Amino acid sequence: MTEITENEDAHEFRSEAVSLWRITFGPLIWAVHFAACYGATALVCAKGGAVDGLRLGIGIGTVVALVAIVWLGWQAWRQWDLVRDRDWENDQGTGEDRHQFLGHAAFLLTVISFIGVSYVALPALLIGTCR
Amino acid sequence: MLNPSGRDALLLYDLALVMFVGALVLWLLVGGLFVYVTRINPREMSRGLAEGLIVGGGVLFPVVLLGGLLVYSLPLMQAPREADEGMRVHITAEQWWWRVDYELPDGSRVTSANELRLPVGQRTGLVLKAHRVIHAFWVPALGGKADMIPGRETYLSFLPESAGVYRGQCAEFCGASHALMAFETVVMEPEDFEAWLAAEARDATPPQTQEATRGAQVFAREGCGSCHTVRGTQAVGQVGPDLTHMGSRVSLGAGILGVEPSDFADWIAHTETLKPEVAMPSYDHLSPDDLTALAAYLGGLE
């Protein structure tokens with residue numbers, strides 16, 4: 001009995017550890033996208049390089065980042081499981097609740113990351129000059 | 001800013017108007033909704049309506065609205081940085097005045113100070129620098145403002161659309177007389193501007209009257225030329241503003257006084273009172289006669 005519980009706990013802990021990591025992925029993509037956009041723009045503009053190539057690169061990088069964020073968001077949305085149980089808070093303190101709460105947090109973070117990545121890319125796409 | 005006379009100021013005016021009206025509409029909507037649910041119809045909402053209100057009104061609506069305003073406003077940032085159409089003016093901020101240096105398409109330079117002249121209907125580039133501390137360049141009627149930073153060059157361009165005199169002001173705190181660091185921007189018809197620039201490029205007019213000749217002697221005797229330049233004379237100082245064509249400017253002391261003879265006398269005798277911590281000492285030991293003569297000399301440098 002004790003052994004089974006310990007096994008179950010260990011298994012559950014492992015899977016929660018993974019989804020705990022997973023909630024950082026959305027903001028992480030946002031951070032990498034942000035640093036890459038600003039770094040590349042500073043370099044290209046300082047060297048007087050090709051602005052059109054830079055904008056194309058930022059455009060492609062942005063699409064890749066957004067697709068990855070949407071995929072993470074979809075995973076998190078399923079983990080939150082809102083549609084089935086209409087449970088917004090998951091405040092019962094059970095293992096299942098903790099699991100769904102991490103999905104909830106990850107989903108909200110992917111939403112803000114999606115907005116962040118889009119807004120960061122807009123100046124590069126709308127202003128076609130280094131001035 | 002509310003009375004734009006240049007293309008760039010007009011863009012900023014429209015931008016400010018759109019943002020203000022947008023903020024007003026949002027404020028009325030939020031306030032109205034608040035009054036409605038707490039005063040007019042204070043009943044319990046269904047869960048679906050409440051969730052829709054939070055997600056729709058709290059997340060989707062602001063994201064779409066802010067996104068729309070961002071897409072509208074970002075392209076407006078290009079115009080004030082567009083390249084010039086031939087003429088560039090190098091402006092260096094000092095404590096507390098402006099060096100102004102016109103660079104013509106052929107590469108030649110015309111030096112002036114404390115006044116900016118621009119032709120109507122032509123985009124002029126402004127290359128901005130600063131000496132010692134950070135300043136900011138701002139002519140509200142003509143465009144946005146730009147920081148002036150020691151060791152760096154910033155760039156702004158203006159496209160004035162009607163002739164007139166527009167006030168400029170340092171817009172970044174730069175020391176005791178920051179508020180007294182102003183200038184006038186005189187926007188002229190292109191042919192008038194050409195004539196003015198040709199005159200500005202010439203050496204100083206020699207004193208025309210006896211009074212002015214005596215003023216020139218006082219100027220030399222008091223050592224004014226070790227700080228100020230009057231081209232075509234012994235005065236070649238670089239510390240203070242160039243005075244070669246002082247008499248044709250519309251203000252004195254970087255925008256704080258007029259150009260009547262009494263203003264010249266007032267300024268020379270009381271610089272430290274009129275502009276605290278200024279580098280030029282008050283020449284209050286000069287006799288009224290000497291001051292009148294100096295005013296006649298400087299006012300005659302047209």
# chains A, B, ... in the order shown; residues from 1 in each chain; ligands from 1

$ interface_residues --of "chain A" --to "chain B" --cutoff "9 Å" --atoms "only C-alpha atoms" --output "PyMOL selection string"
chain A and resi 115+118-119+122-123+126-129+131

$ closest_residue --among "A:Val51, A:Leu82, A:Ala76, A:Leu43" --to "Gly26 (chain A)" --atoms "only C-alpha atoms"
A:Ala76

$ select_by_dssp --residues "region 59-123 of chain B" --states "strand (DSSP E)" --output "PDB file with N, CA, C and O atoms, in the first residue's frame"
ATOM      1  N   ARG B  88      21.379  71.079 -44.269  1.00  0.00           N
ATOM      2  CA  ARG B  88      21.390  70.550 -42.908  1.00  0.00           C
ATOM      3  C   ARG B  88      21.865  71.661 -41.987  1.00  0.00           C
ATOM      4  O   ARG B  88      22.719  72.449 -42.358  1.00  0.00           O
ATOM      5  N   VAL B  89      21.310  71.670 -40.795  1.00  0.00           N
ATOM      6  CA  VAL B  89      21.764  72.633 -39.804  1.00  0.00           C
ATOM      7  C   VAL B  89      22.321  71.857 -38.616  1.00  0.00           C
ATOM      8  O   VAL B  89      21.657  70.973 -38.077  1.00  0.00           O
ATOM      9  N   HIS B  90      23.579  72.169 -38.280  1.00  0.00           N
ATOM     10  CA  HIS B  90      24.195  71.533 -37.115  1.00  0.00           C
ATOM     11  C   HIS B  90      23.949  72.433 -35.912  1.00  0.00           C
ATOM     12  O   HIS B  90      24.371  73.587 -35.907  1.00  0.00           O
ATOM     13  N   ILE B  91      23.273  71.899 -34.917  1.00  0.00           N
ATOM     14  CA  ILE B  91      22.956  72.705 -33.741  1.00  0.00           C
ATOM     15  C   ILE B  91      23.604  72.056 -32.521  1.00  0.00           C
ATOM     16  O   ILE B  91      23.410  70.872 -32.268  1.00  0.00           O
ATOM     17  N   THR B  92      24.411  72.839 -31.810  1.00  0.00           N
ATOM     18  CA  THR B  92      25.058  72.327 -30.606  1.00  0.00           C
ATOM     19  C   THR B  92      24.542  73.100 -29.406  1.00  0.00           C
ATOM     20  O   THR B  92      24.578  74.332 -29.389  1.00  0.00           O
ATOM     21  N   ALA B  93      24.057  72.369 -28.400  1.00  0.00           N
ATOM     22  CA  ALA B  93      23.519  73.020 -27.210  1.00  0.00           C
ATOM     23  C   ALA B  93      24.652  73.314 -26.239  1.00  0.00           C
ATOM     24  O   ALA B  93      25.471  72.451 -25.940  1.00  0.00           O
ATOM     25  N   GLU B  94      24.704  74.578 -25.776  1.00  0.00           N
ATOM     26  CA  GLU B  94      25.663  74.985 -24.763  1.00  0.00           C
ATOM     27  C   GLU B  94      24.870  75.377 -23.523  1.00  0.00           C
ATOM     28  O   GLU B  94      23.657  75.496 -23.577  1.00  0.00           O
ATOM     29  N   TRP B  97      22.798  78.328 -24.379  1.00  0.00           N
ATOM     30  CA  TRP B  97      22.548  78.932 -25.688  1.00  0.00           C
ATOM     31  C   TRP B  97      22.814  77.894 -26.776  1.00  0.00           C
ATOM     32  O   TRP B  97      23.138  76.750 -26.467  1.00  0.00           O
ATOM     33  N   TRP B  98      22.661  78.306 -28.048  1.00  0.00           N
ATOM     34  CA  TRP B  98      22.731  77.354 -29.158  1.00  0.00           C
ATOM     35  C   TRP B  98      23.736  77.798 -30.213  1.00  0.00           C
ATOM     36  O   TRP B  98      23.663  78.911 -30.704  1.00  0.00           O
ATOM     37  N   ARG B  99      24.680  76.908 -30.545  1.00  0.00           N
ATOM     38  CA  ARG B  99      25.510  77.138 -31.735  1.00  0.00           C
ATOM     39  C   ARG B  99      24.714  76.645 -32.930  1.00  0.00           C
ATOM     40  O   ARG B  99      24.155  75.549 -32.888  1.00  0.00           O
ATOM     41  N   VAL B 100      24.681  77.440 -34.003  1.00  0.00           N
ATOM     42  CA  VAL B 100      23.899  77.071 -35.182  1.00  0.00           C
ATOM     43  C   VAL B 100      24.801  77.203 -36.412  1.00  0.00           C
ATOM     44  O   VAL B 100      25.386  78.251 -36.630  1.00  0.00           O
ATOM     45  N   ASP B 101      24.911  76.115 -37.147  1.00  0.00           N
ATOM     46  CA  ASP B 101      25.866  76.049 -38.244  1.00  0.00           C
ATOM     47  C   ASP B 101      25.153  75.477 -39.479  1.00  0.00           C
ATOM     48  O   ASP B 101      24.752  74.319 -39.467  1.00  0.00           O
ATOM     49  N   TYR B 102      24.958  76.299 -40.496  1.00  0.00           N
ATOM     50  CA  TYR B 102      24.238  75.849 -41.701  1.00  0.00           C
ATOM     51  C   TYR B 102      25.200  75.142 -42.639  1.00  0.00           C
ATOM     52  O   TYR B 102      26.211  75.715 -43.018  1.00  0.00           O
ATOM     53  N   GLU B 103      24.896  73.905 -43.016  1.00  0.00           N
ATOM     54  CA  GLU B 103      25.724  73.175 -43.990  1.00  0.00           C
ATOM     55  C   GLU B 103      24.975  73.134 -45.316  1.00  0.00           C
ATOM     56  O   GLU B 103      23.907  72.531 -45.412  1.00  0.00           O
ATOM     57  N   ARG B 109      29.930  76.119 -44.988  1.00  0.00           N
ATOM     58  CA  ARG B 109      29.262  76.326 -43.706  1.00  0.00           C
ATOM     59  C   ARG B 109      28.999  77.795 -43.464  1.00  0.00           C
ATOM     60  O   ARG B 109      29.815  78.643 -43.824  1.00  0.00           O
ATOM     61  N   VAL B 110      27.883  78.097 -42.830  1.00  0.00           N
ATOM     62  CA  VAL B 110      27.574  79.456 -42.410  1.00  0.00           C
ATOM     63  C   VAL B 110      27.252  79.404 -40.924  1.00  0.00           C
ATOM     64  O   VAL B 110      26.333  78.704 -40.508  1.00  0.00           O
ATOM     65  N   THR B 111      28.038  80.132 -40.126  1.00  0.00           N
ATOM     66  CA  THR B 111      27.881  80.048 -38.677  1.00  0.00           C
ATOM     67  C   THR B 111      27.005  81.172 -38.142  1.00  0.00           C
ATOM     68  O   THR B 111      27.141  82.319 -38.532  1.00  0.00           O
ATOM     69  N   SER B 112      26.109  80.777 -37.233  1.00  0.00           N
ATOM     70  CA  SER B 112      25.248  81.744 -36.577  1.00  0.00           C
ATOM     71  C   SER B 112      25.018  81.246 -35.148  1.00  0.00           C
ATOM     72  O   SER B 112      25.711  80.319 -34.708  1.00  0.00           O
ATOM     73  N   ALA B 113      24.089  81.836 -34.422  1.00  0.00           N
ATOM     74  CA  ALA B 113      23.802  81.371 -33.062  1.00  0.00           C
ATOM     75  C   ALA B 113      22.427  81.834 -32.610  1.00  0.00           C
ATOM     76  O   ALA B 113      21.930  82.873 -33.065  1.00  0.00           O
ATOM     77  N   GLU B 115      19.432  81.357 -33.075  1.00  0.00           N
ATOM     78  CA  GLU B 115      18.295  81.608 -33.935  1.00  0.00           C
ATOM     79  C   GLU B 115      18.385  80.608 -35.073  1.00  0.00           C
ATOM     80  O   GLU B 115      19.459  80.333 -35.576  1.00  0.00           O
ATOM     81  N   LEU B 116      17.233  80.064 -35.455  1.00  0.00           N
ATOM     82  CA  LEU B 116      17.223  79.104 -36.548  1.00  0.00           C
ATOM     83  C   LEU B 116      16.354  79.682 -37.656  1.00  0.00           C
ATOM     84  O   LEU B 116      15.252  80.158 -37.391  1.00  0.00           O
ATOM     85  N   ARG B 117      16.872  79.690 -38.872  1.00  0.00           N
ATOM     86  CA  ARG B 117      16.056  80.150 -40.002  1.00  0.00           C
ATOM     87  C   ARG B 117      15.866  78.995 -40.968  1.00  0.00           C
ATOM     88  O   ARG B 117      16.818  78.279 -41.287  1.00  0.00           O
ATOM     89  N   LEU B 118      14.623  78.809 -41.424  1.00  0.00           N
ATOM     90  CA  LEU B 118      14.311  77.700 -42.314  1.00  0.00           C
ATOM     91  C   LEU B 118      13.463  78.185 -43.477  1.00  0.00           C
ATOM     92  O   LEU B 118      12.648  79.090 -43.311  1.00  0.00           O
ATOM     93  N   PRO B 119      13.642  77.571 -44.658  1.00  0.00           N
ATOM     94  CA  PRO B 119      12.776  77.911 -45.788  1.00  0.00           C
ATOM     95  C   PRO B 119      11.455  77.128 -45.712  1.00  0.00           C
ATOM     96  O   PRO B 119      11.436  75.978 -45.266  1.00  0.00           O
TER      97      PRO B 119
END

$ select_by_dssp --residues "region 142-292 of chain B" --states "alpha helix (DSSP H)" --output "JSON, numbers by chain"
{"B": [190, 191, 192, 193, 194, 195, 196, 197, 198, 199, 200, 201, 210, 211, 212, 213, 214, 215, 216, 217, 218, 219, 220, 221, 261, 262, 263, 264, 265, 266, 267, 268, 269, 271, 272, 273, 274, 288, 289, 290, 291, 292]}

$ residues_around --residues "Ser287 (chain B)" --least-positions-apart "6" --cutoff "12 Å" --atoms "only C-alpha atoms" --output "list in words"
Gly215, Val218, Ala265, Ile268, Ala269, Ala293 and Leu294 of chain B
